[in-house]
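Heads up: the structure comes next, in structure tokens.
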Amino acid sequence: MAPKLAITEPHLIPTDIKDSSSSSSTSSNEFPDERPPQQLSAHPSLRMSHTIKEVELHAGAPVAFDGNIRKALRWLHSVKVYFTVNATVYSTDEKKVVTALAHMTEGTAASWSDIFYQVCEGRTAKYGTWANFEKEFWEMFIPADASIVALNKIQKLKQLQKSLMSYIAKFHSLVAVANIKESHVLIHMFNLGLNDDLLSAIHLMGEIPTDFDKYITTVTEIDSNINRGKTTITLTHTNRYCHYHPQPKKKDDDVMDIDCLDEGEHANCMAKGLCFMCKK
């Protein structure tokens, strides 16, 4: 009996299967690592800021102020210099005023700052401007006649034997108290105390700056040239004479010392053939 052949039914291809070209998109969703690289943009809140944070320089930070009138102006200057060095940090009037008040923690300065805080509570602008704070501080802690005293000291200030830099530093300190800001007045008062040789060299200039800061720079350069010229002259004279050192003549023991004989003794010894020393 012939064996029966197993009839296999044909496999029907399901119609819901997509071709390879269309399946690529499906597979790409299942395997995101196979997708081509794309530029991803982070959420604005997650983006890294490229702004560099400003660092505050604490060198020369102002000390606590106790209300001492003699130290008031110096303390105010130290605060202003500190704000200038850290200009990017203390960029608003409010930061400057609050920082200054934070250093007024002793003596009468602490009491004054407490009152200032209370007054500021009722203001719309809160702490106000730095110019207003400085004005009120000046009226409270700096004597009214301080500017007059400083003005008198400026008129009596002389360079004399002091270096130009020392003279400039003293002049600046007095000008700050006298509150003089006009350049032509500052230049006139600055020239009153200069030495004559430096002042003469300034007058020989072709064009004198009218701005006080530029004028100080020019005067400093002239003074340096004068000092350099004096040094050159001194070295020239030193080199000219330092090589000549006259030495005392050495006495020759073999030569007779006849300087002690008078003319008569000298002639007698010569006539008789005697020794000038022993007379024999």
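In the structure tokens, chains take the letters A, B, ... in the order shown, each chain's residues start at 1, and ligands count up from 1 in the order shown.
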
**OP:** Just the residues within 8 Å of Thr105 of chain A, please, counting only C-alpha atoms, with nothing from its chain fewer than 3 positions along; format it as a VMD selection string.
**Re:** chain A and resid 64 to 66 101 to 102 109 to 110 113

Written file, previous selection with C-alpha atoms, as a JSON list (two decimals), in the first residue's frame:
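Output file again_19.json follows:
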```json
[["chain", "number", "residue", "atom", "x", "y", "z"],
["A", 64, "ALA", "CA", 34.18, 98.87, 62.42],
["A", 65, "PHE", "CA", 33.51, 102.57, 63.01],
["A", 66, "ASP", "CA", 32.78, 103.78, 66.55],
["A", 101, "LEU", "CA", 25.78, 100.68, 58.05],
["A", 102, "ALA", "CA", 26.85, 97.10, 58.78],
["A", 109, "ALA", "CA", 28.07, 105.26, 65.24],
["A", 110, "ALA", "CA", 25.92, 102.28, 66.30],
["A", 113, "SER", "CA", 22.94, 103.69, 62.35]]
```

Subject >> Ile142 of chain A environment, 9 Å, only C-alpha atoms, sequence neighbours closer than 6 positions dropped, as a PyMOL selection string >> reply: chain A and resi 69-70+72-73

**OP:** Kindly give the distance, in Å, that separates atom CA of Lys95 of chain A and atom CA of Ser78 of chain A, rounded to a single decimal.
**Re:**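 Distance between the two atoms: 15.9 Å.
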
Original post:
atom CA of Arg123 of chain A and atom CA of Asn68 of chain A, how far apart in Å?
Top reply: 28.2 Å

Original post:
From the list A:Cys120, A:Gly67, A:Ala178, A:Met165, which residue is nearest Ile148 of chain A when using only C-alpha atoms?
Top reply: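 Result for the nearest residue to Ile148 of chain A: A:Ala178.
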
**OP:** Considering only C-alpha atoms, return as a list in words whatever protein or nucleic-acid residues lie within 10 Å of segment 210-213 of chain A, sequence-local ones (same chain, fewer than 5 positions apart) excluded.
**Re:** Lys181, Glu182, Ser183, His184, Val185, Leu186, Ile187, His188, Phe190 and Thr218 of chain A

Subject >> Test item, helix (DSSP H, G or I) assignment across segment 36-203 of chain A, answer as a PyMOL selection string >> reply: chain A and resi 44-46+69-85+93-102+107-121+130-141+146-156+164-178+183-192+196-203
